[in-house]
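Text of the file structure_9.cif, holding mmCIF, C-alpha atoms and all ligand atoms:
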```cif
data_coords
loop_
_atom_site.label_atom_id
_atom_site.label_comp_id
_atom_site.auth_asym_id
_atom_site.auth_seq_id
_atom_site.Cartn_x
_atom_site.Cartn_y
_atom_site.Cartn_z
CA MET A 190 6.20 -153.74 140.46
CA PRO A 191 9.44 -154.78 142.28
CA LYS A 192 11.99 -152.01 142.80
CA PHE A 193 15.68 -152.41 141.89
CA ASP A 194 18.75 -150.28 142.44
CA VAL A 195 19.93 -150.69 138.85
CA CYS A 196 18.43 -152.01 135.63
CA VAL A 197 21.11 -153.28 133.21
CA ARG A 198 19.68 -153.49 129.70
CA GLY A 199 21.75 -155.79 127.47
CA ALA A 200 23.36 -159.02 128.72
CA GLY A 201 26.34 -159.15 126.35
CA ALA A 202 29.84 -159.30 127.82
CA VAL A 203 29.64 -155.69 129.03
CA GLY A 204 26.15 -155.75 130.56
CA SER A 205 26.73 -159.15 132.20
CA SER A 206 30.02 -157.97 133.72
CA LEU A 207 28.38 -154.82 135.05
CA ALA A 208 25.52 -156.81 136.62
CA LEU A 209 28.07 -159.05 138.37
CA ALA A 210 30.19 -156.10 139.54
CA LEU A 211 27.19 -154.24 141.00
CA SER A 212 25.78 -157.37 142.62
CA ARG A 213 29.11 -157.76 144.44
CA GLN A 214 28.44 -154.34 146.00
CA GLY A 215 25.11 -155.67 147.36
CA LEU A 216 23.02 -153.66 144.88
CA SER A 217 19.86 -155.24 143.47
CA VAL A 218 20.11 -155.56 139.70
CA ALA A 219 17.43 -156.26 137.08
CA LEU A 220 19.06 -157.70 133.95
CA GLN A 221 17.23 -157.52 130.61
CA ASP A 222 18.03 -158.82 127.17
CA THR A 223 15.90 -159.11 124.07
CA ALA A 224 17.42 -162.55 123.41
CA PRO A 225 15.73 -165.18 125.65
CA GLU A 226 17.99 -166.46 128.44
CA GLY A 227 19.95 -169.55 127.46
CA ALA A 228 18.74 -169.38 123.85
CA ALA A 229 21.27 -170.93 121.49
CA ALA A 230 22.71 -168.35 119.09
CA ALA A 231 21.60 -168.84 115.49
CA GLN A 232 25.28 -168.81 114.46
CA PRO A 233 28.22 -169.73 116.71
CA ASP A 234 30.24 -166.60 117.58
CA LEU A 235 33.54 -167.11 115.75
CA ARG A 236 35.24 -164.15 117.37
CA ALA A 237 38.09 -164.51 119.81
CA TYR A 238 38.78 -161.40 121.86
CA ALA A 239 42.28 -160.13 122.59
CA LEU A 240 41.83 -158.99 126.19
CA ASN A 241 44.31 -156.78 128.02
CA ALA A 242 45.58 -157.22 131.59
CA ALA A 243 43.02 -154.80 133.04
CA SER A 244 40.11 -156.74 131.47
CA VAL A 245 41.49 -160.06 132.69
CA ALA A 246 41.87 -158.64 136.21
CA LEU A 247 38.22 -157.53 136.18
CA LEU A 248 37.01 -160.94 134.95
CA ARG A 249 39.14 -162.61 137.60
CA GLU A 250 37.58 -160.45 140.32
CA LEU A 251 34.13 -161.39 139.01
CA LYS A 252 35.11 -165.11 139.27
CA VAL A 253 34.63 -165.54 135.53
CA TRP A 254 38.22 -165.85 134.33
CA ASP A 255 39.10 -169.01 136.23
CA ALA A 256 35.82 -170.62 135.17
CA LEU A 257 36.83 -170.49 131.49
CA PRO A 258 37.99 -173.80 130.01
CA GLU A 259 41.82 -173.91 129.78
CA ASP A 260 41.78 -174.20 125.99
CA ALA A 261 39.42 -171.22 125.63
CA ARG A 262 42.06 -168.67 126.74
CA CYS A 263 45.56 -168.40 125.40
CA ALA A 264 48.37 -166.07 126.50
CA VAL A 265 50.13 -163.96 123.86
CA HIS A 266 53.84 -163.76 124.62
CA ASP A 267 55.04 -162.08 121.44
CA MET A 268 53.48 -159.95 118.78
CA ARG A 269 54.76 -159.40 115.27
CA VAL A 270 53.34 -156.58 113.15
CA GLN A 271 54.37 -156.51 109.51
CA GLY A 272 54.01 -153.71 106.96
CA ASP A 273 53.98 -153.84 103.17
CA ASP A 274 57.35 -155.56 102.84
CA ALA A 275 59.28 -158.20 104.77
CA ALA A 276 61.75 -155.61 106.15
CA SER A 277 59.15 -153.41 107.86
CA VAL A 278 58.44 -155.21 111.11
CA LEU A 279 57.49 -154.15 114.61
CA GLU A 280 57.93 -156.72 117.36
CA PHE A 281 56.71 -156.70 120.94
CA SER A 282 57.48 -159.24 123.62
CA ALA A 283 56.02 -159.79 127.07
CA TRP A 284 59.52 -160.45 128.36
CA THR A 285 60.97 -157.06 127.32
CA GLN A 286 57.73 -155.39 128.39
CA GLY A 287 58.12 -156.95 131.85
CA VAL A 288 54.59 -158.40 131.87
CA GLU A 289 53.19 -161.92 132.16
CA ALA A 290 51.53 -161.68 128.72
CA LEU A 291 50.88 -158.99 126.12
CA ALA A 292 47.24 -160.07 125.91
CA TRP A 293 45.03 -163.13 126.28
CA ILE A 294 42.97 -164.51 123.43
CA VAL A 295 39.56 -165.62 124.66
CA ASP A 296 36.80 -167.51 122.88
CA ALA A 297 33.80 -165.14 122.65
CA ALA A 298 31.14 -167.85 123.07
CA GLU A 299 32.92 -169.44 126.07
CA LEU A 300 33.26 -166.03 127.73
CA GLN A 301 29.51 -165.45 127.32
CA ARG A 302 28.80 -168.92 128.80
CA ALA A 303 31.09 -168.29 131.79
CA LEU A 304 29.41 -164.93 132.45
CA ALA A 305 25.96 -166.55 132.27
CA SER A 306 27.04 -169.26 134.77
CA ALA A 307 28.40 -166.64 137.18
CA LEU A 308 25.16 -164.66 136.88
CA ALA A 309 23.13 -167.75 137.77
CA PHE A 310 24.86 -167.70 141.19
CA ALA A 311 24.88 -163.91 141.69
CA PRO A 312 22.64 -163.31 144.71
CA HIS A 313 21.25 -159.90 143.76
CA VAL A 314 20.73 -160.25 140.00
CA GLN A 315 17.33 -161.08 138.58
CA ARG A 316 16.58 -161.65 134.90
CA VAL A 317 13.46 -159.67 134.07
CA ALA A 318 11.35 -159.44 130.92
CA ASP A 319 11.58 -156.59 128.44
CA GLY A 320 9.79 -153.39 129.36
CA PRO A 321 10.01 -150.63 131.95
CA VAL A 322 11.64 -151.50 135.28
CA ASP A 323 11.48 -149.45 138.47
CA ALA A 324 15.18 -148.71 139.11
CA ALA A 325 17.20 -145.67 140.20
CA LEU A 326 19.70 -146.17 137.35
CA LEU A 327 19.27 -147.56 133.83
CA ALA A 328 22.62 -148.86 132.53
CA LEU A 329 22.44 -149.33 128.77
CA ALA A 330 24.72 -151.99 127.32
CA GLU A 331 22.56 -152.85 124.31
CA GLY A 332 25.40 -152.91 121.77
CA LYS A 333 26.01 -150.62 118.82
CA SER A 334 22.38 -150.53 117.60
CA SER A 335 20.98 -149.61 121.03
CA ALA A 336 17.28 -148.79 120.65
CA THR A 337 16.98 -147.14 124.06
CA ARG A 338 19.87 -144.80 123.18
CA GLU A 339 17.87 -143.73 120.12
CA GLN A 340 14.72 -143.23 122.22
CA LEU A 341 16.73 -141.00 124.56
CA GLY A 342 17.72 -138.92 121.52
CA VAL A 343 21.46 -139.44 122.07
CA ALA A 344 23.51 -138.67 118.97
CA MET A 345 25.99 -141.31 117.78
CA PRO A 346 27.39 -140.27 114.38
CA VAL A 347 28.72 -143.31 112.57
CA GLN A 348 31.71 -143.31 110.23
CA ARG A 349 31.49 -146.34 107.92
CA TYR A 350 34.81 -147.73 106.70
CA GLY A 351 33.33 -149.60 103.73
CA GLN A 352 35.12 -152.61 105.16
CA ARG A 353 34.14 -155.83 106.87
CA ALA A 354 36.05 -158.06 109.24
CA VAL A 355 36.02 -161.69 108.13
CA ALA A 356 36.44 -163.97 111.15
CA ALA A 357 37.14 -167.72 111.15
CA ARG A 358 39.04 -170.36 113.07
CA LEU A 359 42.12 -171.91 111.51
CA ARG A 360 44.47 -174.80 112.13
CA SER A 361 48.18 -174.54 111.41
CA ASP A 362 50.68 -177.34 110.87
CA THR A 363 53.19 -175.25 112.86
CA ALA A 364 52.97 -174.47 116.62
CA HIS A 365 51.92 -170.86 117.31
CA ALA A 366 54.22 -170.58 120.36
CA GLY A 367 52.04 -167.78 121.77
CA VAL A 368 52.86 -165.39 118.90
CA ALA A 369 50.14 -163.07 117.58
CA ARG A 370 50.74 -161.92 114.02
CA GLN A 371 49.34 -158.97 112.16
CA TRP A 372 49.84 -157.78 108.60
CA PHE A 373 49.08 -154.22 107.53
CA ARG A 374 49.03 -154.38 103.74
CA SER A 375 46.96 -151.70 102.10
CA PRO A 376 43.98 -151.97 102.20
CA ASP A 377 43.88 -155.22 104.21
CA VAL A 378 44.61 -155.72 107.91
CA LEU A 379 45.00 -159.40 108.76
CA ALA A 380 45.39 -160.71 112.31
CA LEU A 381 46.17 -164.26 113.42
CA LEU A 382 45.53 -164.66 117.13
CA PRO A 383 47.07 -167.76 118.72
CA PHE A 384 44.54 -170.16 120.12
CA ASP A 385 44.50 -173.68 121.55
CA ARG A 386 41.47 -174.95 119.65
CA PRO A 387 40.95 -177.15 117.65
CA GLU A 388 44.26 -178.45 119.00
CA PRO A 389 46.67 -177.09 121.65
CA GLN A 390 49.32 -174.82 120.06
CA HIS A 391 47.90 -175.29 116.57
CA GLY A 392 44.89 -172.98 116.39
CA TYR A 393 44.46 -169.39 115.24
CA ALA A 394 41.51 -167.01 115.34
CA LEU A 395 41.47 -165.01 112.11
CA VAL A 396 40.30 -161.39 111.82
CA TRP A 397 40.77 -160.15 108.28
CA SER A 398 39.58 -156.59 107.63
CA VAL A 399 39.04 -155.95 103.92
CA PRO A 400 36.97 -153.69 101.65
CA ASP A 401 33.34 -154.83 101.27
CA ALA A 402 33.74 -156.34 97.78
CA ARG A 403 36.78 -158.34 98.85
CA ALA A 404 34.88 -159.52 101.95
CA ASP A 405 32.07 -160.81 99.72
CA ALA A 406 34.62 -162.69 97.64
CA LEU A 407 36.38 -164.16 100.71
CA MET A 408 33.05 -165.27 102.19
CA ASP A 409 31.87 -166.95 98.99
CA MET A 410 35.04 -168.56 97.62
CA PRO A 411 35.55 -172.33 98.00
CA VAL A 412 37.56 -173.47 101.02
CA ALA A 413 40.67 -174.32 98.95
CA ALA A 414 40.68 -170.85 97.36
CA PHE A 415 40.24 -169.21 100.78
CA GLU A 416 43.18 -171.18 102.17
CA GLN A 417 45.26 -170.16 99.15
CA ALA A 418 44.33 -166.50 99.72
CA LEU A 419 45.50 -166.89 103.34
CA ALA A 420 48.76 -168.48 102.23
CA ASP A 421 49.34 -165.61 99.77
CA ALA A 422 48.61 -162.98 102.42
CA THR A 423 50.77 -164.54 105.15
CA HIS A 424 53.57 -165.98 102.95
CA GLY A 425 53.43 -169.12 105.08
CA ALA A 426 54.85 -167.24 108.11
CA ALA A 427 52.39 -168.98 110.44
CA GLY A 428 52.65 -172.38 108.72
CA ALA A 429 50.14 -174.01 106.39
CA LEU A 430 46.70 -172.79 107.46
CA THR A 431 43.49 -174.78 107.04
CA LEU A 432 39.98 -173.51 107.66
CA CYS A 433 38.21 -175.34 110.51
CA SER A 434 35.01 -173.30 110.98
CA GLU A 435 32.39 -171.37 109.06
CA ARG A 436 33.31 -167.82 108.02
CA ALA A 437 31.47 -164.77 109.41
CA ALA A 438 31.76 -161.07 108.54
CA TRP A 439 31.08 -157.87 110.50
CA PRO A 440 30.71 -154.36 109.00
CA LEU A 441 33.32 -151.97 110.44
CA THR A 442 32.56 -148.53 111.81
CA LEU A 443 33.83 -145.81 114.14
CA ALA A 444 31.25 -144.18 116.41
CA ARG A 445 31.00 -142.40 119.75
CA ALA A 446 27.83 -141.41 121.59
CA GLU A 447 27.51 -137.95 123.10
CA PRO A 448 26.49 -137.56 125.89
CA VAL A 449 27.13 -140.96 127.55
CA CYS A 450 24.96 -140.23 130.58
CA GLY A 451 22.03 -138.18 131.78
CA PRO A 452 19.67 -138.12 134.76
CA GLY A 453 19.10 -141.77 135.68
CA TRP A 454 20.89 -143.39 132.72
CA ALA A 455 24.38 -144.23 131.43
CA LEU A 456 25.73 -145.88 128.27
CA LEU A 457 28.41 -148.56 128.30
CA GLY A 458 30.26 -150.76 125.81
CA ASP A 459 29.38 -150.70 122.11
CA ALA A 460 26.25 -148.71 122.94
CA ALA A 461 28.64 -145.86 123.83
CA HIS A 462 31.53 -146.37 121.37
CA VAL A 463 32.53 -148.58 118.47
CA VAL A 464 36.12 -148.85 117.19
CA HIS A 465 37.75 -150.77 114.33
CA PRO A 466 38.89 -154.20 115.60
CA LEU A 467 42.43 -153.78 114.18
CA ALA A 468 43.78 -153.10 117.67
CA GLY A 469 41.41 -155.58 119.40
CA GLN A 470 40.19 -152.96 121.88
CA GLY A 471 36.37 -152.71 121.64
CA LEU A 472 35.54 -155.03 124.52
CA ASN A 473 38.53 -153.82 126.51
CA LEU A 474 37.04 -150.32 126.33
CA GLY A 475 33.63 -151.70 127.34
CA LEU A 476 35.08 -153.52 130.36
CA GLY A 477 36.91 -150.28 131.21
CA ASP A 478 33.46 -148.63 131.30
CA VAL A 479 32.26 -151.35 133.68
CA ARG A 480 35.25 -150.83 136.00
CA SER A 481 34.77 -147.06 136.06
CA LEU A 482 31.01 -147.06 136.62
CA ALA A 483 31.25 -149.71 139.35
CA GLN A 484 34.03 -147.72 141.03
CA VAL A 485 32.19 -144.40 140.84
CA ILE A 486 29.12 -146.06 142.36
CA ALA A 487 31.15 -147.73 145.12
CA GLU A 488 32.82 -144.42 146.04
CA ARG A 489 29.63 -142.29 146.04
CA GLU A 490 28.59 -140.25 149.05
CA PRO A 491 26.09 -142.22 151.19
CA TRP A 492 23.31 -139.70 150.49
CA ARG A 493 23.79 -139.60 146.73
CA GLU A 494 21.18 -141.33 144.53
CA LEU A 495 22.43 -143.85 141.95
CA GLY A 496 20.82 -141.90 139.11
CA ASP A 497 22.21 -138.52 140.23
CA PRO A 498 23.57 -136.76 137.10
CA ARG A 499 26.56 -135.44 139.08
CA LEU A 500 27.54 -138.97 140.02
CA LEU A 501 27.15 -140.20 136.43
CA GLN A 502 29.19 -137.24 135.16
CA ARG A 503 32.13 -138.60 137.17
CA TYR A 504 31.82 -141.80 135.14
CA ALA A 505 31.60 -139.84 131.87
CA ARG A 506 34.71 -137.81 132.75
CA ARG A 507 36.75 -140.93 133.55
CA ARG A 508 35.87 -142.58 130.24
CA ALA A 509 36.13 -139.54 127.94
CA VAL A 510 39.89 -139.62 127.33
CA PRO A 511 40.44 -143.40 126.91
CA THR A 512 37.46 -143.66 124.55
CA LEU A 513 38.44 -140.69 122.40
CA ALA A 514 42.11 -141.71 122.35
CA MET A 515 41.36 -145.28 121.26
CA GLY A 516 38.99 -144.10 118.53
CA GLN A 517 41.64 -141.73 117.18
CA PHE A 518 44.43 -144.29 117.49
CA THR A 519 42.62 -147.05 115.58
CA ASP A 520 41.30 -144.62 112.97
CA GLY A 521 44.74 -143.01 112.51
CA LEU A 522 46.40 -146.41 112.05
CA LEU A 523 43.75 -147.44 109.56
CA GLN A 524 44.08 -144.24 107.50
CA LEU A 525 47.88 -144.51 107.54
CA PHE A 526 47.80 -148.06 106.21
CA ALA A 527 44.79 -147.66 103.88
CA SER A 528 46.52 -145.50 101.29
CA ASP A 529 48.50 -147.00 98.46
CA ALA A 530 50.35 -143.74 97.73
CA PRO A 531 54.10 -144.59 97.39
CA VAL A 532 55.19 -141.75 99.72
CA LEU A 533 52.87 -142.89 102.51
CA ARG A 534 53.79 -146.52 101.92
CA GLU A 535 57.50 -145.68 102.32
CA LEU A 536 56.83 -143.50 105.34
CA ARG A 537 54.78 -146.07 107.26
CA ASN A 538 57.18 -148.92 106.53
CA ARG A 539 60.13 -146.84 107.70
CA GLY A 540 58.03 -145.81 110.67
CA LEU A 541 57.47 -149.42 111.71
CA SER A 542 61.17 -150.22 111.50
CA LEU A 543 62.04 -146.97 113.29
CA VAL A 544 59.67 -147.64 116.19
CA ASN A 545 61.02 -151.19 116.35
CA GLY A 546 64.46 -149.73 117.07
CA LEU A 547 63.18 -147.45 119.84
CA PRO A 548 62.41 -149.57 122.93
CA PRO A 549 60.99 -146.68 125.03
CA LEU A 550 58.46 -145.78 122.33
CA LYS A 551 57.57 -149.44 121.94
CA ARG A 552 57.02 -149.71 125.68
CA LEU A 553 54.74 -146.67 125.55
CA LEU A 554 52.68 -148.09 122.68
CA ALA A 555 52.36 -151.46 124.37
CA SER A 556 51.36 -150.00 127.71
CA PHE A 557 48.64 -147.96 125.95
CA ALA A 558 47.14 -151.19 124.62
CA LEU A 559 47.67 -153.12 127.86
CA ASP A 560 45.92 -150.67 130.17
CA SER A 561 43.20 -148.92 128.16
C1 LIG B 1 35.43 -159.11 114.17
C2 LIG B 1 35.54 -158.46 115.52
C3 LIG B 1 36.61 -158.74 116.33
C4 LIG B 1 36.73 -158.12 117.59
N1 LIG B 1 37.82 -158.39 118.35
C5 LIG B 1 37.96 -157.79 119.54
C6 LIG B 1 39.12 -158.04 120.34
O1 LIG B 1 40.03 -158.76 119.96
N2 LIG B 1 39.21 -157.41 121.56
C7 LIG B 1 38.24 -156.56 122.00
O2 LIG B 1 38.39 -156.01 123.11
N3 LIG B 1 37.14 -156.32 121.26
C8 LIG B 1 36.97 -156.90 120.04
N4 LIG B 1 35.86 -156.65 119.30
C9 LIG B 1 34.82 -155.75 119.83
C10 LIG B 1 33.81 -156.50 120.71
O3 LIG B 1 33.24 -157.56 119.98
C11 LIG B 1 32.71 -155.57 121.18
O4 LIG B 1 33.26 -154.36 121.63
C12 LIG B 1 31.91 -156.21 122.32
O5 LIG B 1 31.37 -157.45 121.92
C13 LIG B 1 30.77 -155.28 122.77
O6 LIG B 1 30.08 -155.88 123.81
P1 LIG B 1 28.71 -155.24 124.35
O7 LIG B 1 28.28 -156.11 125.50
O8 LIG B 1 28.86 -153.78 124.55
O9 LIG B 1 27.68 -155.37 123.13
P2 LIG B 1 27.04 -156.66 122.47
O10 LIG B 1 27.98 -157.81 122.50
O11 LIG B 1 26.52 -156.22 121.15
O12 LIG B 1 25.82 -157.05 123.43
C14 LIG B 1 24.63 -156.29 123.45
C15 LIG B 1 23.53 -157.13 124.13
O13 LIG B 1 22.36 -156.30 124.28
C16 LIG B 1 21.20 -157.01 123.87
N5 LIG B 1 20.21 -156.00 123.43
C17 LIG B 1 20.20 -155.29 122.30
N6 LIG B 1 19.15 -154.45 122.30
C18 LIG B 1 18.49 -154.65 123.47
C19 LIG B 1 17.33 -154.05 124.06
N7 LIG B 1 16.65 -153.10 123.46
N8 LIG B 1 16.94 -154.48 125.28
C20 LIG B 1 17.64 -155.45 125.93
N9 LIG B 1 18.75 -156.04 125.42
C21 LIG B 1 19.16 -155.63 124.20
C22 LIG B 1 21.69 -157.95 122.76
O14 LIG B 1 20.84 -159.07 122.63
C23 LIG B 1 23.07 -158.33 123.31
O15 LIG B 1 23.01 -159.46 124.15
C24 LIG B 1 35.72 -157.23 118.02
C25 LIG B 1 34.63 -156.95 117.21
C26 LIG B 1 34.54 -157.55 115.96
C27 LIG B 1 33.35 -157.21 115.08
#
```

Please lay out the structure from this file as structure tokens.
Ligand SMILES: Cc1cc2nc3c(=O)[nH]c(=O)nc-3n(C[C@H](O)[C@H](O)[C@H](O)COP(=O)(O)OP(=O)(O)OC[C@H]3O[C@@H](n4cnc5c(N)ncnc54)[C@H](O)[C@@H]3O)c2cc1C
Amino acid sequence: MPKFDVCVRGAGAVGSSLALALSRQGLSVALQDTAPEGAAAAQPDLRAYALNAASVALLRELKVWDALPEDARCAVHDMRVQGDDAASVLEFSAWTQGVEALAWIVDAAELQRALASALAFAPHVQRVADGPVDAALLALAEGKSSATREQLGVAMPVQRYGQRAVAARLRSDTAHAGVARQWFRSPDVLALLPFDRPEPQHGYALVWSVPDARADALMDMPVAAFEQALADATHGAAGALTLCSERAAWPLTLARAEPVCGPGWALLGDAAHVVHPLAGQGLNLGLGDVRSLAQVIAEREPWRELGDPRLLQRYARRRAVPTLAMGQFTDGLLQLFASDAPVLRELRNRGLSLVNGLPPLKRLLASFALDS
């Protein structure tokens, strides 16, 4: 049986990025995935990820970012968050933040394709079949239902929100101008992420988090009714929106594995933590895991084995605070905006307007999202 330095199990965005990062260090990597290589997905992935500057920098280093088609990545220059009424608004801008962009919206399927192309040229990565592999370190990036995590007996308590995120692609008759829009209206959270497909400046990726029953209704209703529901929810603020894809829905949960490493293994990405997509941070956290693990490995003492628990503990320590903080932040926001109680409603709407008038606090909030 061939021997590898690392076996990466799971070739999603996180596992593929890790394989590329470790290959760049000259380590031999076995990459496994239960889905056959190059197999077409049964359903096109309708998600578009909001990636922060740190994630984009990592993808650039891995030579993936510049390989993405121009219209598959779109810079967000402004962000507008709206509460229950028109007066409660929180606005962020890249210009006042002093950054090139607040985030970049990236087509999920194109990102996966670009990662696969980069892997095809990575000198030290070999796709291997399912089953045991002789490697010093097993990096598990199998996603939220990781079977190997279960076999290892790692606990990952799951909090179900009783909500699903409905995703779709939309076309607007009005240019998006790089503005991302989000509405927090109990119990819905609706995000329109600017995108340049199907037409430059006129596309949006929709992520609409709603209670399960409402998700069923949104998935099943005729196209005209769905577009009317969108118009009602957005009050036409992003122009007249038409549906230009299928609709897909994901159940929403909050979960964190403990521990995230042990002798010879480490968890990364959704296999280690799952957060509500309202802040668009799940993959950003996963790519943060990749950065940290690759860095810890690169900085190890020459005599230290890759599977040494002390080495992997360094990785776990680096990721503990960002992971916990993001879980609490997204959950706190969701709870705050989920209640219809008049007092809470008043409080959160005033809170949005108050934060909007406090540039230092806004800068702090934005930098949290930009760097996590
Ligand atoms: C609607 C929605 C919108 C989102 N928007 C954003 C956003 O804007 N920004 C953001 O940062 N994040 C976002 N996320 C979160 C993001 O989608 C996930 O965090 C990210 O896809 C996780 O990637 P991963 O590689 O860890 O897991 P996955 O993408 O689940 O990949 C896991 C891989 O492992 C493979 N696998 C599974 N089991 C095995 C096994 N036993 N052996 C081998 N291989 C196996 C699978 O085939 C798969 O290829 C969103 C999520 C949702 C649901």

So how many Å separate atom CA of A:Cys196 and atom CA of A:Val322, to one decimal? 6.8 Å

Kindly indicate which residue among A:Leu456, A:Ala487, A:Leu430, A:Leu291 lies nearest to A:Lys333, using all atoms listed in the file for the distances. A:Leu456

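The nearest approach to ligand LIG 1 (chain B) among the residues A:Pro225, A:Gly496, A:Gly287, A:Pro191, with only C-alpha atoms and all ligand atoms taken into account, belongs to A:Pro225.
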
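Interatomic distance, atom CA of A:Met408 against atom C9 of ligand LIG 1 (chain B): 20.1 Å.
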
Given only C-alpha atoms as the basis, pick out the residue of A:Ser434, A:Ser205, A:Gln517, A:Gln371 nearest to A:Arg302. A:Ser205

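With only C-alpha atoms and all ligand atoms as the basis for measurement, A:Leu207 is the residue among A:Leu251, A:Met345, A:Leu207, A:Leu326 that approaches ligand LIG 1 (chain B) most closely.
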
Which residues, written as a PyMOL selection string, have at least one atom at most 10 Å from A:Asp478, with only C-alpha atoms counted and residues fewer than 5 positions away on the same chain left out? chain A and resi 203+207+456-458+461+472-473+483-484+504-505+507-508+511-512

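Distance annotation: of A:Asp222, A:Glu435, A:Glu535, A:Glu250, the residue with the minimal separation from A:Ala356 is A:Glu435; atom set is all atoms listed in the file.
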
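The interatomic distance for the pair atom CA of A:Val245 and atom CA of A:Trp293 works out to 7.9 Å.
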
Long-range neighbours of stretch 410-413 of chain A as a VMD selection string, 12 Å cut-off, all atoms listed in the file, 4 positions minimum in chain: chain A and resid 357 359 403 to 406 417 to 420 430 to 436

Could you write those residues out with C-alpha atoms, as a PDB file, in the frame of the given file?
```pdb
ATOM      1  CA  ALA A 357      37.140-167.720 111.150  1.00  0.00           C
ATOM      2  CA  LEU A 359      42.120-171.910 111.510  1.00  0.00           C
ATOM      3  CA  ARG A 403      36.780-158.340  98.850  1.00  0.00           C
ATOM      4  CA  ALA A 404      34.880-159.520 101.950  1.00  0.00           C
ATOM      5  CA  ASP A 405      32.070-160.810  99.720  1.00  0.00           C
ATOM      6  CA  ALA A 406      34.620-162.690  97.640  1.00  0.00           C
ATOM      7  CA  GLN A 417      45.260-170.160  99.150  1.00  0.00           C
ATOM      8  CA  ALA A 418      44.330-166.500  99.720  1.00  0.00           C
ATOM      9  CA  LEU A 419      45.500-166.890 103.340  1.00  0.00           C
ATOM     10  CA  ALA A 420      48.760-168.480 102.230  1.00  0.00           C
ATOM     11  CA  LEU A 430      46.700-172.790 107.460  1.00  0.00           C
ATOM     12  CA  THR A 431      43.490-174.780 107.040  1.00  0.00           C
ATOM     13  CA  LEU A 432      39.980-173.510 107.660  1.00  0.00           C
ATOM     14  CA  CYS A 433      38.210-175.340 110.510  1.00  0.00           C
ATOM     15  CA  SER A 434      35.010-173.300 110.980  1.00  0.00           C
ATOM     16  CA  GLU A 435      32.390-171.370 109.060  1.00  0.00           C
ATOM     17  CA  ARG A 436      33.310-167.820 108.020  1.00  0.00           C
TER      18      ARG A 436
END
```

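Residues having any atom no farther than 7 Å from (37.6, -165.6, 131.0) (counting all atoms listed in the file) are Val245, Leu248, Val253, Trp254, Asp255, Ala256, Leu257, Arg262, Val295 and Leu300 of chain A.
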
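For the set A:Pro383, A:Pro498, A:Pro491, A:Pro531, the residue with the smallest atom-to-atom gap to A:Ala239 is A:Pro383, counting only C-alpha atoms.
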
Closest pair table for stretch 391-439 of chain A residues within 12 Å of stretch 264-275 of chain A, all atoms listed in the file, as JSON lines:
```
{"residue": "A:Tyr393", "atom": "CA", "partner": "A:Val265", "partner_atom": "CA", "distance": 11.7}
{"residue": "A:Ala422", "atom": "CA", "partner": "A:Asp273", "partner_atom": "CA", "distance": 10.6}
{"residue": "A:Thr423", "atom": "CA", "partner": "A:Gln271", "partner_atom": "CA", "distance": 9.8}
{"residue": "A:His424", "atom": "CA", "partner": "A:Ala275", "partner_atom": "CA", "distance": 9.8}
{"residue": "A:Ala426", "atom": "CA", "partner": "A:Ala275", "partner_atom": "CA", "distance": 10.6}
{"residue": "A:Ala427", "atom": "CA", "partner": "A:Arg269", "partner_atom": "CA", "distance": 11.0}
```

Exercise: residues within 8 Å of coordinate (35.6, -156.5, 108.3), counting all atoms listed in the file, as a PDB file with C-alpha atoms, in the coordinates of the input:
```pdb
ATOM      1  CA  GLN A 352      35.120-152.610 105.160  1.00  0.00           C
ATOM      2  CA  ARG A 353      34.140-155.830 106.870  1.00  0.00           C
ATOM      3  CA  ALA A 354      36.050-158.060 109.240  1.00  0.00           C
ATOM      4  CA  VAL A 355      36.020-161.690 108.130  1.00  0.00           C
ATOM      5  CA  VAL A 396      40.300-161.390 111.820  1.00  0.00           C
ATOM      6  CA  TRP A 397      40.770-160.150 108.280  1.00  0.00           C
ATOM      7  CA  SER A 398      39.580-156.590 107.630  1.00  0.00           C
ATOM      8  CA  VAL A 399      39.040-155.950 103.920  1.00  0.00           C
ATOM      9  CA  PRO A 400      36.970-153.690 101.650  1.00  0.00           C
ATOM     10  CA  ASP A 401      33.340-154.830 101.270  1.00  0.00           C
ATOM     11  CA  ALA A 404      34.880-159.520 101.950  1.00  0.00           C
ATOM     12  CA  ALA A 438      31.760-161.070 108.540  1.00  0.00           C
ATOM     13  CA  TRP A 439      31.080-157.870 110.500  1.00  0.00           C
ATOM     14  CA  PRO A 440      30.710-154.360 109.000  1.00  0.00           C
ATOM     15  CA  LEU A 441      33.320-151.970 110.440  1.00  0.00           C
TER      16      LEU A 441
END
```

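Neighbours of stretch 212-219 of chain A closer than or equal to 7 Å, with all atoms listed in the file counted and sequence neighbours fewer than 4 positions away skipped, come out as Phe193, Asp194, Val195, Cys196, Val197, Ala208, Ala311, His313, Val314, Gln315, Arg316 and Val317 of chain A.
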
Could those selected residues go to a file with C-alpha atoms, as a compact mmCIF listing (two decimals), in the frame of the given file?
```
# COMPACT_ATOMS: atom_id res chain seq x y z
CA PHE A 193 15.68 -152.41 141.89
CA ASP A 194 18.75 -150.28 142.44
CA VAL A 195 19.93 -150.69 138.85
CA CYS A 196 18.43 -152.01 135.63
CA VAL A 197 21.11 -153.28 133.21
CA ALA A 208 25.52 -156.81 136.62
CA ALA A 311 24.88 -163.91 141.69
CA HIS A 313 21.25 -159.90 143.76
CA VAL A 314 20.73 -160.25 140.00
CA GLN A 315 17.33 -161.08 138.58
CA ARG A 316 16.58 -161.65 134.90
CA VAL A 317 13.46 -159.67 134.07
```
